[in-house]
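S.K.: Contents of data35.tsv (TSV, C-alpha atoms and all ligand atoms) are given next:
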chain	number	residue	atom	x	y	z
I	1162	MET	CA	66.48	28.60	-21.09
I	1163	ALA	CA	67.79	31.93	-22.28
I	1164	ASP	CA	68.36	32.62	-25.97
I	1165	ASN	CA	71.61	31.96	-27.77
I	1166	LYS	CA	73.61	34.55	-25.92
I	1167	VAL	CA	76.28	33.02	-23.69
I	1168	TYR	CA	76.76	35.17	-20.59
I	1169	ILE	CA	80.40	35.73	-19.72
I	1170	PHE	CA	80.95	35.62	-15.96
I	1171	ASP	CA	84.48	36.78	-15.28
I	1172	THR	CA	86.07	35.51	-12.08
I	1173	THR	CA	89.62	36.85	-12.58
I	1174	LEU	CA	89.18	38.99	-9.47
I	1175	ARG	CA	87.95	36.08	-7.33
I	1176	ASP	CA	89.05	32.58	-8.51
I	1177	GLY	CA	91.98	34.15	-10.42
I	1178	GLU	CA	93.06	36.26	-7.50
I	1179	GLN	CA	93.13	33.22	-5.20
I	1180	VAL	CA	96.34	32.13	-6.95
I	1181	PRO	CA	99.39	32.54	-4.71
I	1182	GLY	CA	101.21	35.72	-5.71
I	1183	CYS	CA	98.24	37.18	-7.62
I	1184	LYS	CA	96.67	39.07	-4.73
I	1185	LEU	CA	95.49	42.55	-5.69
I	1186	ASN	CA	94.84	45.67	-3.67
I	1187	THR	CA	91.62	47.65	-4.01
I	1188	SER	CA	92.87	50.14	-6.59
I	1189	GLU	CA	94.30	47.35	-8.77
I	1190	LYS	CA	90.99	45.49	-8.54
I	1191	ILE	CA	89.04	48.61	-9.51
I	1192	GLU	CA	91.32	49.23	-12.49
I	1193	LEU	CA	90.81	45.67	-13.73
I	1194	ALA	CA	87.06	45.72	-13.05
I	1195	LEU	CA	86.68	48.81	-15.26
I	1196	GLN	CA	88.62	47.11	-18.04
I	1197	LEU	CA	86.49	43.97	-17.71
I	1198	GLU	CA	83.38	46.12	-17.98
I	1199	ALA	CA	84.80	47.78	-21.12
I	1200	LEU	CA	85.62	44.33	-22.50
I	1201	GLY	CA	81.90	43.55	-22.35
I	1202	VAL	CA	81.71	40.81	-19.75
I	1203	ASP	CA	78.22	40.42	-18.30
I	1204	ILE	CA	79.11	39.59	-14.71
I	1205	ILE	CA	82.22	40.49	-12.72
I	1206	GLU	CA	82.84	38.30	-9.69
I	1207	ALA	CA	84.63	40.95	-7.66
I	1208	GLY	CA	85.65	38.88	-4.64
I	1209	PHE	CA	84.64	36.98	-1.52
I	1210	PRO	CA	83.58	39.77	0.86
I	1211	ILE	CA	83.68	37.84	4.13
I	1212	SER	CA	87.18	36.52	3.45
I	1213	SER	CA	88.98	39.71	4.58
I	1214	PRO	CA	88.26	43.40	5.28
I	1215	GLY	CA	90.37	44.23	2.21
I	1216	ASP	CA	88.24	42.06	-0.05
I	1217	PHE	CA	85.04	43.53	1.42
I	1218	GLU	CA	86.40	46.99	0.60
I	1219	SER	CA	87.32	45.93	-2.96
I	1220	VAL	CA	83.90	44.43	-3.70
I	1221	ASN	CA	82.22	47.48	-2.21
I	1222	ALA	CA	84.36	49.90	-4.24
I	1223	ILE	CA	83.72	47.95	-7.46
I	1224	ALA	CA	79.99	47.90	-6.67
I	1225	LYS	CA	80.07	51.70	-6.52
I	1226	ILE	CA	81.96	52.26	-9.75
I	1227	VAL	CA	80.84	49.58	-12.23
I	1228	LYS	CA	77.61	50.55	-13.97
I	1229	ASN	CA	76.90	48.20	-16.87
I	1230	ALA	CA	78.12	44.79	-15.72
I	1231	THR	CA	76.54	42.91	-12.83
I	1232	VAL	CA	78.83	42.88	-9.80
I	1233	CYS	CA	78.91	39.58	-7.94
I	1234	GLY	CA	80.19	38.55	-4.51
I	1235	LEU	CA	80.93	34.98	-3.42
I	1236	SER	CA	79.73	33.41	-0.20
I	1237	ARG	CA	79.45	30.01	1.42
I	1238	ALA	CA	75.99	28.73	2.34
I	1239	VAL	CA	76.38	30.53	5.65
I	1240	GLN	CA	74.07	33.31	6.83
I	1241	LYS	CA	76.85	35.65	7.96
I	1242	ASP	CA	78.74	35.24	4.64
I	1243	ILE	CA	75.60	36.08	2.70
I	1244	GLU	CA	74.80	39.12	4.86
I	1245	VAL	CA	78.34	40.46	4.42
I	1246	ALA	CA	78.17	39.88	0.65
I	1247	GLY	CA	74.80	41.69	0.58
I	1248	GLU	CA	76.31	44.63	2.50
I	1249	ALA	CA	79.39	44.86	0.24
I	1250	LEU	CA	77.21	44.81	-2.88
I	1251	LYS	CA	74.66	47.36	-1.63
I	1252	PRO	CA	75.74	50.26	-3.89
I	1253	ALA	CA	75.80	48.17	-7.09
I	1254	ALA	CA	73.53	49.15	-9.99
I	1255	ARG	CA	73.20	45.39	-10.69
I	1256	LYS	CA	74.22	42.95	-7.99
I	1257	ARG	CA	74.43	39.19	-7.69
I	1258	ILE	CA	75.13	36.97	-4.70
I	1259	HIS	CA	76.89	33.71	-5.56
I	1260	THR	CA	76.28	31.19	-2.80
I	1261	GLY	CA	76.58	27.45	-2.61
I	1262	ILE	CA	77.79	24.25	-1.03
I	1263	GLY	CA	79.52	21.00	-1.97
I	1264	THR	CA	77.14	18.39	-3.37
I	1265	SER	CA	79.35	15.39	-4.18
I	1266	ASP	CA	79.24	12.54	-1.68
I	1267	LEU	CA	82.92	13.16	-1.00
I	1268	HIS	CA	82.33	16.82	-0.08
I	1269	ILE	CA	79.18	15.98	1.88
I	1270	LYS	CA	81.01	13.43	4.03
I	1271	ALA	CA	84.58	14.81	4.23
I	1272	LYS	CA	83.84	18.53	4.46
I	1273	PHE	CA	80.47	18.68	6.18
I	1274	ASN	CA	80.03	15.25	7.80
I	1275	ALA	CA	76.41	15.60	6.70
I	1276	THR	CA	73.80	13.75	4.65
I	1277	ARG	CA	72.45	14.55	1.19
I	1278	GLU	CA	69.14	15.67	2.76
I	1279	GLU	CA	70.90	18.07	5.11
I	1280	ILE	CA	72.91	19.57	2.25
I	1281	LEU	CA	69.73	20.00	0.21
I	1282	GLN	CA	68.12	21.94	3.07
I	1283	ARG	CA	71.22	24.11	3.55
I	1284	ALA	CA	71.28	24.89	-0.17
I	1285	ILE	CA	67.62	25.98	-0.14
I	1286	GLN	CA	68.14	28.07	2.99
I	1287	ALA	CA	71.22	29.82	1.52
I	1288	VAL	CA	69.31	30.87	-1.59
I	1289	LYS	CA	66.44	32.20	0.54
I	1290	TRP	CA	68.86	34.27	2.65
I	1291	ALA	CA	70.51	35.63	-0.48
I	1292	ARG	CA	67.13	36.59	-1.98
I	1293	ASN	CA	66.68	39.02	0.93
I	1294	PHE	CA	69.43	41.14	-0.65
I	1295	THR	CA	68.87	40.76	-4.40
I	1296	ASP	CA	66.65	39.04	-6.97
I	1297	ASP	CA	69.78	37.94	-8.81
I	1298	VAL	CA	71.03	34.87	-6.93
I	1299	GLU	CA	73.43	32.30	-8.30
I	1300	PHE	CA	73.81	28.94	-6.57
I	1301	TYR	CA	76.94	26.80	-6.99
I	1302	ALA	CA	76.87	23.04	-6.46
I	1303	GLU	CA	80.55	22.66	-5.61
I	1304	ASP	CA	82.17	19.54	-7.08
I	1305	ALA	CA	79.16	19.05	-9.36
I	1306	GLY	CA	81.59	17.36	-11.76
I	1307	ARG	CA	81.75	14.40	-9.35
I	1308	THR	CA	78.18	14.68	-8.04
I	1309	ASP	CA	75.67	11.96	-8.80
I	1310	ASN	CA	73.42	13.36	-11.55
I	1311	GLU	CA	70.14	12.31	-9.91
I	1312	PHE	CA	71.01	14.09	-6.66
I	1313	LEU	CA	72.39	17.08	-8.57
I	1314	ALA	CA	69.08	17.40	-10.44
I	1315	ARG	CA	67.20	17.41	-7.10
I	1316	VAL	CA	69.47	20.16	-5.78
I	1317	VAL	CA	69.12	22.24	-8.95
I	1318	GLU	CA	65.33	21.92	-8.92
I	1319	ALA	CA	65.15	22.85	-5.22
I	1320	VAL	CA	67.40	25.93	-5.45
I	1321	ILE	CA	65.52	27.22	-8.50
I	1322	ALA	CA	62.26	26.77	-6.60
I	1323	ALA	CA	63.84	28.71	-3.70
I	1324	GLY	CA	64.71	31.62	-6.00
I	1325	ALA	CA	68.07	30.96	-7.68
I	1326	THR	CA	68.15	32.56	-11.13
I	1327	THR	CA	71.48	31.03	-12.20
I	1328	VAL	CA	72.76	27.60	-11.20
I	1329	ASN	CA	76.46	26.96	-11.44
I	1330	ILE	CA	77.60	23.40	-12.18
I	1331	PRO	CA	81.30	23.55	-11.27
I	1332	ASP	CA	83.76	20.90	-12.30
I	1333	THR	CA	85.73	22.03	-9.26
I	1334	THR	CA	88.54	19.52	-9.64
I	1335	GLY	CA	88.76	19.57	-13.45
I	1336	TYR	CA	87.91	15.86	-13.48
I	1337	CYS	CA	85.26	15.52	-16.20
I	1338	LEU	CA	85.84	14.62	-19.82
I	1339	PRO	CA	84.08	16.95	-22.26
I	1340	HIS	CA	81.40	14.42	-23.22
I	1341	GLN	CA	80.72	13.68	-19.54
I	1342	TYR	CA	80.39	17.36	-18.64
I	1343	GLY	CA	78.15	17.94	-21.66
I	1344	GLU	CA	76.00	14.94	-20.68
I	1345	LYS	CA	75.71	16.29	-17.13
I	1346	ILE	CA	74.33	19.59	-18.43
I	1347	ALA	CA	72.04	17.75	-20.86
I	1348	TYR	CA	70.81	15.56	-17.99
I	1349	LEU	CA	69.86	18.67	-16.00
I	1350	VAL	CA	68.21	20.31	-19.02
I	1351	ASN	CA	66.09	17.16	-19.51
I	1352	ASN	CA	65.38	16.19	-15.91
I	1353	VAL	CA	64.90	19.39	-13.91
I	1354	PRO	CA	61.24	20.41	-14.41
I	1355	ASN	CA	61.80	24.13	-13.62
I	1356	VAL	CA	65.15	24.45	-15.43
I	1357	ASP	CA	63.69	27.05	-17.81
I	1358	LYS	CA	63.44	29.47	-14.85
I	1359	ALA	CA	67.24	29.71	-14.51
I	1360	VAL	CA	70.45	29.90	-16.49
I	1361	LEU	CA	72.81	26.94	-16.12
I	1362	SER	CA	76.44	27.96	-15.78
I	1363	CYS	CA	79.73	26.19	-16.55
I	1364	HIS	CA	82.61	26.69	-14.11
I	1365	CYS	CA	85.40	24.37	-15.18
I	1366	HIS	CA	88.88	23.95	-13.76
I	1367	ASN	CA	91.87	22.96	-15.83
I	1368	ASP	CA	93.52	20.15	-13.85
I	1369	LEU	CA	93.55	17.90	-16.94
I	1370	GLY	CA	93.78	20.73	-19.46
I	1371	LEU	CA	90.07	20.32	-20.32
I	1372	ALA	CA	88.50	23.44	-18.84
I	1373	THR	CA	87.83	25.16	-22.16
I	1374	ALA	CA	86.65	21.97	-23.89
I	1375	ASN	CA	84.32	21.20	-20.99
I	1376	SER	CA	82.83	24.71	-20.96
I	1377	ILE	CA	82.15	24.51	-24.69
I	1378	ALA	CA	80.56	21.06	-24.26
I	1379	GLY	CA	78.41	22.63	-21.53
I	1380	VAL	CA	77.04	25.43	-23.70
I	1381	ILE	CA	76.46	23.06	-26.62
I	1382	ALA	CA	74.36	20.98	-24.21
I	1383	GLY	CA	72.27	23.99	-23.11
I	1384	ALA	CA	74.15	25.98	-20.46
I	1385	ARG	CA	74.17	29.71	-21.19
I	1386	GLN	CA	76.84	31.10	-18.92
I	1387	ILE	CA	80.58	30.44	-18.80
I	1388	GLU	CA	82.67	31.33	-15.76
I	1389	CYS	CA	86.19	32.12	-16.82
I	1390	THR	CA	89.27	34.22	-16.20
I	1391	ILE	CA	91.69	36.25	-18.29
I	1392	ASN	CA	94.70	34.08	-19.21
I	1393	GLY	CA	92.96	31.10	-17.55
I	1394	LEU	CA	94.23	32.12	-14.12
I	1395	GLY	CA	92.74	30.30	-11.16
I	1396	GLU	CA	93.21	27.73	-8.43
I	1397	ARG	CA	95.87	25.09	-9.17
I	1398	ALA	CA	96.00	24.60	-12.98
I	1399	GLY	CA	93.55	27.44	-13.44
I	1400	ASN	CA	90.06	28.09	-14.78
I	1401	THR	CA	88.59	28.25	-18.25
I	1402	ALA	CA	90.39	30.98	-20.24
I	1403	LEU	CA	87.98	33.76	-21.22
I	1404	GLU	CA	89.85	34.55	-24.44
I	1405	GLU	CA	89.61	30.92	-25.57
I	1406	VAL	CA	85.87	30.44	-25.10
I	1407	VAL	CA	85.08	33.83	-26.63
I	1408	MET	CA	87.13	33.07	-29.75
I	1409	ILE	CA	85.79	29.50	-30.06
I	1410	LEU	CA	82.24	30.86	-30.04
I	1411	GLN	CA	83.26	33.46	-32.60
I	1412	GLN	CA	85.10	31.03	-34.89
I	1413	HIS	CA	82.64	28.15	-34.87
I	1414	LYS	CA	79.09	28.44	-36.11
I	1415	LEU	CA	77.39	27.00	-33.05
I	1416	GLY	CA	74.66	29.64	-33.15
I	1417	LEU	CA	75.98	31.07	-29.86
I	1418	TYR	CA	77.46	34.50	-29.18
I	1419	THR	CA	78.94	36.69	-26.45
I	1420	ASN	CA	79.13	40.47	-26.03
I	1421	VAL	CA	82.90	40.53	-25.61
I	1422	ASN	CA	84.95	42.99	-27.68
I	1423	ALA	CA	87.67	40.62	-28.90
I	1424	LYS	CA	90.00	43.49	-29.85
I	1425	MET	CA	90.63	44.07	-26.15
I	1426	LEU	CA	91.71	40.48	-25.45
I	1427	ASN	CA	95.45	40.91	-25.93
I	1428	PRO	CA	95.83	44.32	-24.26
I	1429	LEU	CA	93.82	43.10	-21.26
I	1430	SER	CA	95.77	39.85	-21.09
I	1431	ARG	CA	99.00	41.86	-20.83
I	1432	MET	CA	97.52	44.15	-18.22
I	1433	VAL	CA	96.35	41.21	-16.05
I	1434	SER	CA	99.71	39.52	-16.46
I	1435	ASP	CA	101.52	42.71	-15.37
I	1436	VAL	CA	99.26	43.59	-12.46
I	1437	MET	CA	99.16	40.01	-11.14
I	1438	ARG	CA	102.83	39.41	-11.96
I	1439	MET	CA	101.90	36.18	-13.74
I	1440	PRO	CA	103.67	35.67	-17.09
I	1441	VAL	CA	101.64	34.18	-19.93
I	1442	GLN	CA	103.15	31.04	-21.46
I	1443	PRO	CA	104.36	31.82	-25.02
I	1444	ASN	CA	102.29	29.03	-26.59
I	1445	LYS	CA	99.05	30.11	-24.87
I	1446	ALA	CA	96.14	30.23	-27.34
I	1447	ILE	CA	95.03	33.73	-28.48
I	1448	VAL	CA	97.25	35.74	-26.09
I	1449	GLY	CA	100.60	33.92	-25.96
I	1450	GLY	CA	103.68	35.60	-27.46
I	1451	ASN	CA	103.93	32.85	-30.11
I	1452	ALA	CA	100.21	32.62	-30.91
I	1453	PHE	CA	100.79	34.44	-34.21
I	1454	SER	CA	104.45	33.54	-34.90
I	1455	HIS	CA	105.57	31.27	-37.73
I	1456	SER	CA	108.99	29.67	-37.63
I	1457	SER	CA	109.17	26.57	-39.80
I	1458	GLY	CA	110.00	26.96	-43.51
I	1459	ILE	CA	106.91	25.08	-44.71
I	1460	HIS	CA	104.56	27.18	-42.59
I	1461	GLN	CA	106.30	30.46	-43.42
I	1462	ASP	CA	106.16	29.80	-47.15
I	1463	GLY	CA	102.42	28.98	-46.97
I	1464	PHE	CA	101.67	31.92	-44.68
I	1465	LEU	CA	103.45	34.38	-46.99
I	1466	LYS	CA	101.38	33.11	-49.94
I	1467	ASP	CA	98.09	33.27	-48.02
I	1468	ALA	CA	97.93	33.95	-44.26
I	1469	GLN	CA	94.89	31.70	-43.89
I	1470	THR	CA	96.96	28.62	-44.70
I	1471	TYR	CA	98.36	28.71	-41.17
I	1472	GLU	CA	96.22	31.22	-39.26
I	1473	ILE	CA	92.57	30.78	-38.35
I	1474	ILE	CA	92.39	34.17	-36.63
I	1475	ASN	CA	93.72	37.49	-37.86
I	1476	PRO	CA	95.76	38.87	-34.92
I	1477	VAL	CA	94.14	42.29	-35.44
I	1478	GLU	CA	90.78	40.75	-34.45
I	1479	VAL	CA	92.11	39.95	-30.97
I	1480	GLY	CA	94.23	43.06	-30.54
I	1481	ALA	CA	97.56	41.28	-31.01
I	1482	GLU	CA	100.58	42.64	-32.83
I	1483	GLU	CA	100.86	41.61	-36.49
I	1484	SER	CA	101.92	38.02	-37.25
I	1485	LYS	CA	105.62	37.36	-36.96
I	1486	ILE	CA	107.98	35.49	-39.23
I	1487	VAL	CA	110.64	34.22	-36.84
I	1488	LEU	CA	113.93	33.19	-38.43
I	1489	THR	CA	115.53	29.98	-37.17
I	1490	ALA	CA	117.54	27.16	-38.74
I	1491	ARG	CA	114.18	25.67	-39.77
I	1492	SER	CA	113.22	28.73	-41.84
I	1493	GLY	CA	113.30	28.77	-45.62
I	1494	ARG	CA	114.34	31.14	-48.39
I	1495	SER	CA	110.96	32.88	-48.71
I	1496	ALA	CA	110.99	33.85	-45.03
I	1497	LEU	CA	114.54	35.15	-45.34
I	1498	ALA	CA	113.65	37.19	-48.45
I	1499	HIS	CA	110.55	38.55	-46.68
I	1500	ARG	CA	112.46	39.68	-43.61
I	1501	LEU	CA	115.27	41.23	-45.69
I	1502	GLN	CA	112.68	43.07	-47.75
I	1503	LYS	CA	111.09	44.43	-44.55
I	1504	LEU	CA	114.52	45.83	-43.66
I	1505	GLY	CA	114.72	47.53	-47.08
I	1506	PHE	CA	116.99	45.02	-48.86
I	1507	GLN	CA	115.79	43.95	-52.31
I	1508	TYR	CA	117.47	40.83	-53.68
I	1509	THR	CA	117.09	38.55	-56.69
I	1510	ARG	CA	116.46	34.81	-56.31
I	1511	ASN	CA	120.15	34.15	-57.01
I	1512	ASP	CA	121.20	36.61	-54.30
I	1513	ILE	CA	118.86	34.91	-51.82
I	1514	ASP	CA	120.34	31.49	-52.68
I	1515	VAL	CA	123.79	32.76	-51.67
I	1516	LEU	CA	122.58	34.73	-48.68
I	1517	TYR	CA	120.62	31.70	-47.47
I	1518	GLN	CA	123.83	29.66	-47.03
I	1519	GLU	CA	125.27	32.43	-44.83
I	1520	PHE	CA	122.00	32.71	-42.99
I	1521	LEU	CA	122.01	28.97	-42.17
I	1522	LYS	CA	125.49	29.22	-40.63
I	1523	VAL	CA	124.29	31.95	-38.26
I	1524	ALA	CA	120.98	30.14	-37.63
I	1525	ASP	CA	122.73	26.91	-36.66
I	1526	ALA	CA	124.82	28.82	-34.15
I	1527	LYS	CA	121.91	30.77	-32.61
I	1528	LYS	CA	118.36	30.03	-31.48
I	1529	GLU	CA	116.93	32.88	-33.53
I	1530	VAL	CA	118.37	35.09	-36.26
I	1531	LEU	CA	117.63	38.70	-35.36
I	1532	GLU	CA	117.49	41.95	-37.32
I	1533	ASP	CA	121.09	42.86	-36.48
I	1534	ASP	CA	122.26	39.48	-37.80
I	1535	LEU	CA	120.34	40.03	-41.04
I	1536	VAL	CA	121.85	43.46	-41.52
I	1537	ALA	CA	125.34	42.03	-40.92
I	1538	ILE	CA	124.78	39.12	-43.37
I	1539	SER	CA	123.39	41.52	-45.97
I	1540	LYS	CA	126.20	44.08	-45.61
I	1541	ALA	CA	128.91	41.39	-45.83
I	1542	TYR	CA	127.29	40.08	-49.01
I	1543	GLN	CA	127.13	43.55	-50.55
I	1544	LYS	CA	130.79	44.21	-49.67
I	1545	GLU	CA	131.84	40.96	-51.33
I	1546	ALA	CA	129.86	41.88	-54.43
I	1547	VAL	CA	131.67	45.25	-54.67
I	1548	VAL	CA	135.11	43.62	-54.22
I	1549	ALA	CA	134.32	41.00	-56.86
I	1601	LIG	O1	85.58	25.76	-8.35
I	1601	LIG	C1	84.55	25.97	-7.67
I	1601	LIG	O2	83.75	25.09	-7.39
I	1601	LIG	C2	84.33	27.34	-7.21
I	1601	LIG	C3	83.05	27.64	-6.53
I	1601	LIG	C4	83.27	28.44	-5.30
I	1601	LIG	C5	82.12	28.31	-7.49
I	1601	LIG	O3	85.15	28.20	-7.45
I	1602	ZN	ZN	86.52	27.59	-9.06
As a first step, turn the structure in this file into structure tokens.
M.R.:
Amino acid sequence: MADNKVYIFDTTLRDGEQVPGCKLNTSEKIELALQLEALGVDIIEAGFPISSPGDFESVNAIAKIVKNATVCGLSRAVQKDIEVAGEALKPAARKRIHTGIGTSDLHIKAKFNATREEILQRAIQAVKWARNFTDDVEFYAEDAGRTDNEFLARVVEAVIAAGATTVNIPDTTGYCLPHQYGEKIAYLVNNVPNVDKAVLSCHCHNDLGLATANSIAGVIAGARQIECTINGLGERAGNTALEEVVMILQQHKLGLYTNVNAKMLNPLSRMVSDVMRMPVQPNKAIVGGNAFSHSSGIHQDGFLKDAQTYEIINPVEVGAEESKIVLTARSGRSALAHRLQKLGFQYTRNDIDVLYQEFLKVADAKKEVLEDDLVAISKAYQKEAVVA
């Protein structure tokens, strides 16, 4: 097993781009690939070259331009797919072919009408074909989350023996609970004799909202690569969010690290959201518009005394705008005084007591009290004071 570095395998341009409405053209893909490289991801899954001439062109163009990150192309366990991926990746300074096949009994029967033994042979063959194009071959055992662990261990051992250097254990349907996914990785670590010859990878989907938790359980159990996307984009409910796993590994002392420059997380999140026309939900961890906003009186008062009372991350660390004190009918006097002060109004405690009653009237009538409202409340108060 590798050391304590967790490799970040970004699949925004492949699993993320599969989302309806998120399709990118080649120049948009190149622009994002260069940003992902600057962010410090280790592997960029640039696309699925056999899927369309446009995707072949995108993978090929990214292979020419990206220099530090490994550029990866997806394929099925099909010779033609692998050859096309190899061709698209030819110019890459570092290239990886990601090939694989479904290994759960459901996939084996419903998708391939095959047997476990046949799937095992097809997996081995796919890795051997891919090794003709690069030494860096990743195998995915699709639906590993619902694959019997004993059979999965046989597949993992066989593909490593055939030359796979990374083995992806996807929870394709987002079915596993974190302890189950962690136990699956631990089972492979303990039962695959040649597991030290490859990196185990977590590829978790978010159908039950557990993608991030499952990926973290996976690396705690011994996996050393996480496959993820910016803003958690991906099929159905999405993939593991890159920004979440990176910040969890930075916040918690698990002895694990990544090479990602966290200061780029928010700018890149906005860029992906704009280019893919996919808004980010306001309460999204790390990159949502409300991730560093405080609106209840109790929280605002604590935050203004010491930011750490209600913030575990300084927004500057993740390239977000400074924390916001949002004024609503739930806000208290200290938040009101703080916001007035920011607008240049200095008031005594007694002034604030009076102003607060006016503020509450406006706040009850509106969802949020804005700067213009504050200026109006303040000016009316000053006028009254002069008249009196
Ligand atoms: O979710 C999945 O299983 C995948 C594979 C193609 C890696 O995206
Ligand atoms: Zn996936």
S.K.: I'd like the interatomic distance between CA of Arg1175 in chain I and CA of Ala1246 in chain I, to a tenth of an Å.
M.R.: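 Atom-to-atom, CA of Arg1175 in chain I and CA of Ala1246 in chain I are spaced 13.2 Å apart.
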S.K.: Would you write out, as CSV, a table of all residues in chain I that have an atom no more than 10 Å from an atom of ligand LIG 1601 (chain I), listing for each the closest atom pair and the distance in Å to one decimal, considering all atoms listed in the file and ordering rows by chain and rising residue number?
M.R.:
residue,atom,partner,partner_atom,distance
I:Thr1172,CA,I:LIG1601,O3,8.7
I:Arg1175,CA,I:LIG1601,O3,8.4
I:Asp1176,CA,I:LIG1601,O3,6.0
I:Gly1177,CA,I:LIG1601,O3,9.5
I:Gln1179,CA,I:LIG1601,O3,9.7
I:Phe1209,CA,I:LIG1601,C4,9.4
I:Leu1235,CA,I:LIG1601,C4,7.2
I:Ser1236,CA,I:LIG1601,C4,8.0
I:Arg1237,CA,I:LIG1601,C4,7.9
I:His1259,CA,I:LIG1601,C5,7.8
I:Thr1260,CA,I:LIG1601,C4,7.9
I:Gly1261,CA,I:LIG1601,C4,7.3
I:Ile1262,CA,I:LIG1601,C4,8.1
I:Gly1263,CA,I:LIG1601,O2,8.0
I:Glu1299,CA,I:LIG1601,C5,9.6
I:Phe1300,CA,I:LIG1601,C5,8.4
I:Tyr1301,CA,I:LIG1601,C5,5.4
I:Ala1302,CA,I:LIG1601,O2,7.2
I:Glu1303,CA,I:LIG1601,O2,4.4
I:Asp1304,CA,I:LIG1601,O2,5.8
I:Ala1305,CA,I:LIG1601,O2,7.8
I:Gly1306,CA,I:LIG1601,O2,9.1
I:Asn1329,CA,I:LIG1601,C5,7.0
I:Ile1330,CA,I:LIG1601,O2,8.0
I:Pro1331,CA,I:LIG1601,O2,4.8
I:Asp1332,CA,I:LIG1601,O2,6.5
I:Thr1333,CA,I:LIG1601,O1,3.8
I:Thr1334,CA,I:LIG1601,O1,7.0
I:Gly1335,CA,I:LIG1601,O1,8.6
I:Cys1363,CA,I:LIG1601,C5,9.6
I:His1364,CA,I:LIG1601,O1,6.5
I:Cys1365,CA,I:LIG1601,O1,7.0
I:His1366,CA,I:LIG1601,O1,6.6
I:Glu1388,CA,I:LIG1601,C5,8.8
I:Gly1395,CA,I:LIG1601,O3,8.7
I:Glu1396,CA,I:LIG1601,O1,7.9
I:Gly1399,CA,I:LIG1601,O1,9.6
I:Asn1400,CA,I:LIG1601,O1,8.2
S.K.: Ranking I:Ile1211, I:Ala1526, I:Met1408, I:Leu1394 by minimum distance to ligand ZN 1602 (chain I) and counting only C-alpha atoms and all ligand atoms, which one comes first?
M.R.: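 Of I:Ile1211, I:Ala1526, I:Met1408, I:Leu1394, the one nearest ligand ZN 1602 (chain I) is I:Leu1394, counting only C-alpha atoms and all ligand atoms.
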S.K.: List the spatial neighbours of Leu1410 in chain I as a VMD selection string - criterion: any atom at most 12 Å away, only C-alpha atoms, same-chain residues fewer than 3 positions off excluded.
M.R.: chain I and resid 1165 to 1169 1373 to 1374 1376 to 1378 1380 to 1381 1387 1403 to 1407 1413 to 1421 1423
S.K.: If we count only C-alpha atoms, what is near range 1473-1478 of chain I at a cut-off of 12 Å, once residues fewer than 4 positions away on the same chain are taken out, given as a PyMOL selection string?
M.R.: chain I and resi 1404-1405+1407-1409+1411-1413+1421-1428+1446-1454+1464+1467-1469+1482-1485
S.K.: Distance CA of Arg1494 in chain I-CA of Lys1445 in chain I, one decimal place?
M.R.: 28.1 Å
S.K.: Could you jot down the CA of Asp1435 in chain I to CA of Cys1389 in chain I separation for me, Å, one decimal place?
M.R.: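 Between CA of Asp1435 in chain I and CA of Cys1389 in chain I the gap is 18.7 Å.
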S.K.: So that I can see what lies close to range 1313-1325 of chain I, please list as JSON, numbers by chain the residues with an atom at most 10 Å from it, counting all atoms listed in the file and leaving out residues fewer than 6 positions away in the same chain.
M.R.: {"I": [1258, 1259, 1260, 1261, 1264, 1265, 1277, 1278, 1280, 1281, 1282, 1283, 1284, 1285, 1286, 1287, 1288, 1289, 1290, 1291, 1292, 1296, 1297, 1298, 1299, 1300, 1301, 1302, 1305, 1306, 1307, 1345, 1346, 1348, 1349, 1350, 1351, 1352, 1353, 1354, 1355, 1356, 1357, 1358, 1359, 1360, 1361]}
S.K.: Please enclose the listed atoms of range 1232-1237 of chain I in an axis-aligned box, pad each side by 8 Å, and write out the centre and the three edge lengths in Å, rounded to one decimal, as lines of an AutoDock Vina configuration file.
M.R.:
center_x = 79.9
center_y = 36.4
center_z = -4.2
size_x = 18.1
size_y = 28.9
size_z = 27.2
S.K.: With only C-alpha atoms as the atoms that count, which of I:Ile1204, I:Ala1238, I:Thr1327, I:Lys1190 lies nearest to Val1220 in chain I?
M.R.: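 Smallest distance to Val1220 in chain I is found for I:Lys1190.
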S.K.: Could you check which of I:Pro1252, I:Gly1393, I:Gly1247, I:Gly1493 is closest to ligand ZN 1602 (chain I), using only C-alpha atoms and all ligand atoms?
M.R.: I:Gly1393
S.K.: Scan for residues within 9 Å of the point (111.3, 28.2, -39.5) in the coordinates of the file, using only C-alpha atoms, and reply as a list in words.
M.R.: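 Looking at atoms near the point gives His1455, Ser1456, Ser1457, Gly1458, Ile1459, His1460, Gln1461, Ile1486, Val1487, Leu1488, Thr1489, Ala1490, Arg1491, Ser1492, Gly1493 and Ala1496 of chain I.
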S.K.: Leaving out range 1505-1512 of chain I and any residue of its chain fewer than 6 positions from it, which residues lie within 10 Å of it when counting all atoms listed in the file, given as a PyMOL selection string?
M.R.: chain I and resi 1494-1495+1498-1499+1535-1536+1539-1540+1542-1543
S.K.: Could you check which of I:Asn1293, I:Thr1390, I:Val1515, I:Ala1275 is closest to Ala1207 in chain I, using only C-alpha atoms?
M.R.: I:Thr1390
S.K.: Nearest to Asn1186 in chain I: which of I:Ala1222, I:Ile1205, I:Ala1347, I:Ala1546 is it, counting all atoms listed in the file?
M.R.: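 Closest to Asn1186 in chain I, using all atoms listed in the file: I:Ala1222.
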S.K.: Which is closer to ligand ZN 1602 (chain I) than all the others in I:Gln1502, I:Ser1219, I:Asn1367, I:Asn1375, using all atoms listed in the file?
M.R.: I:Asn1367
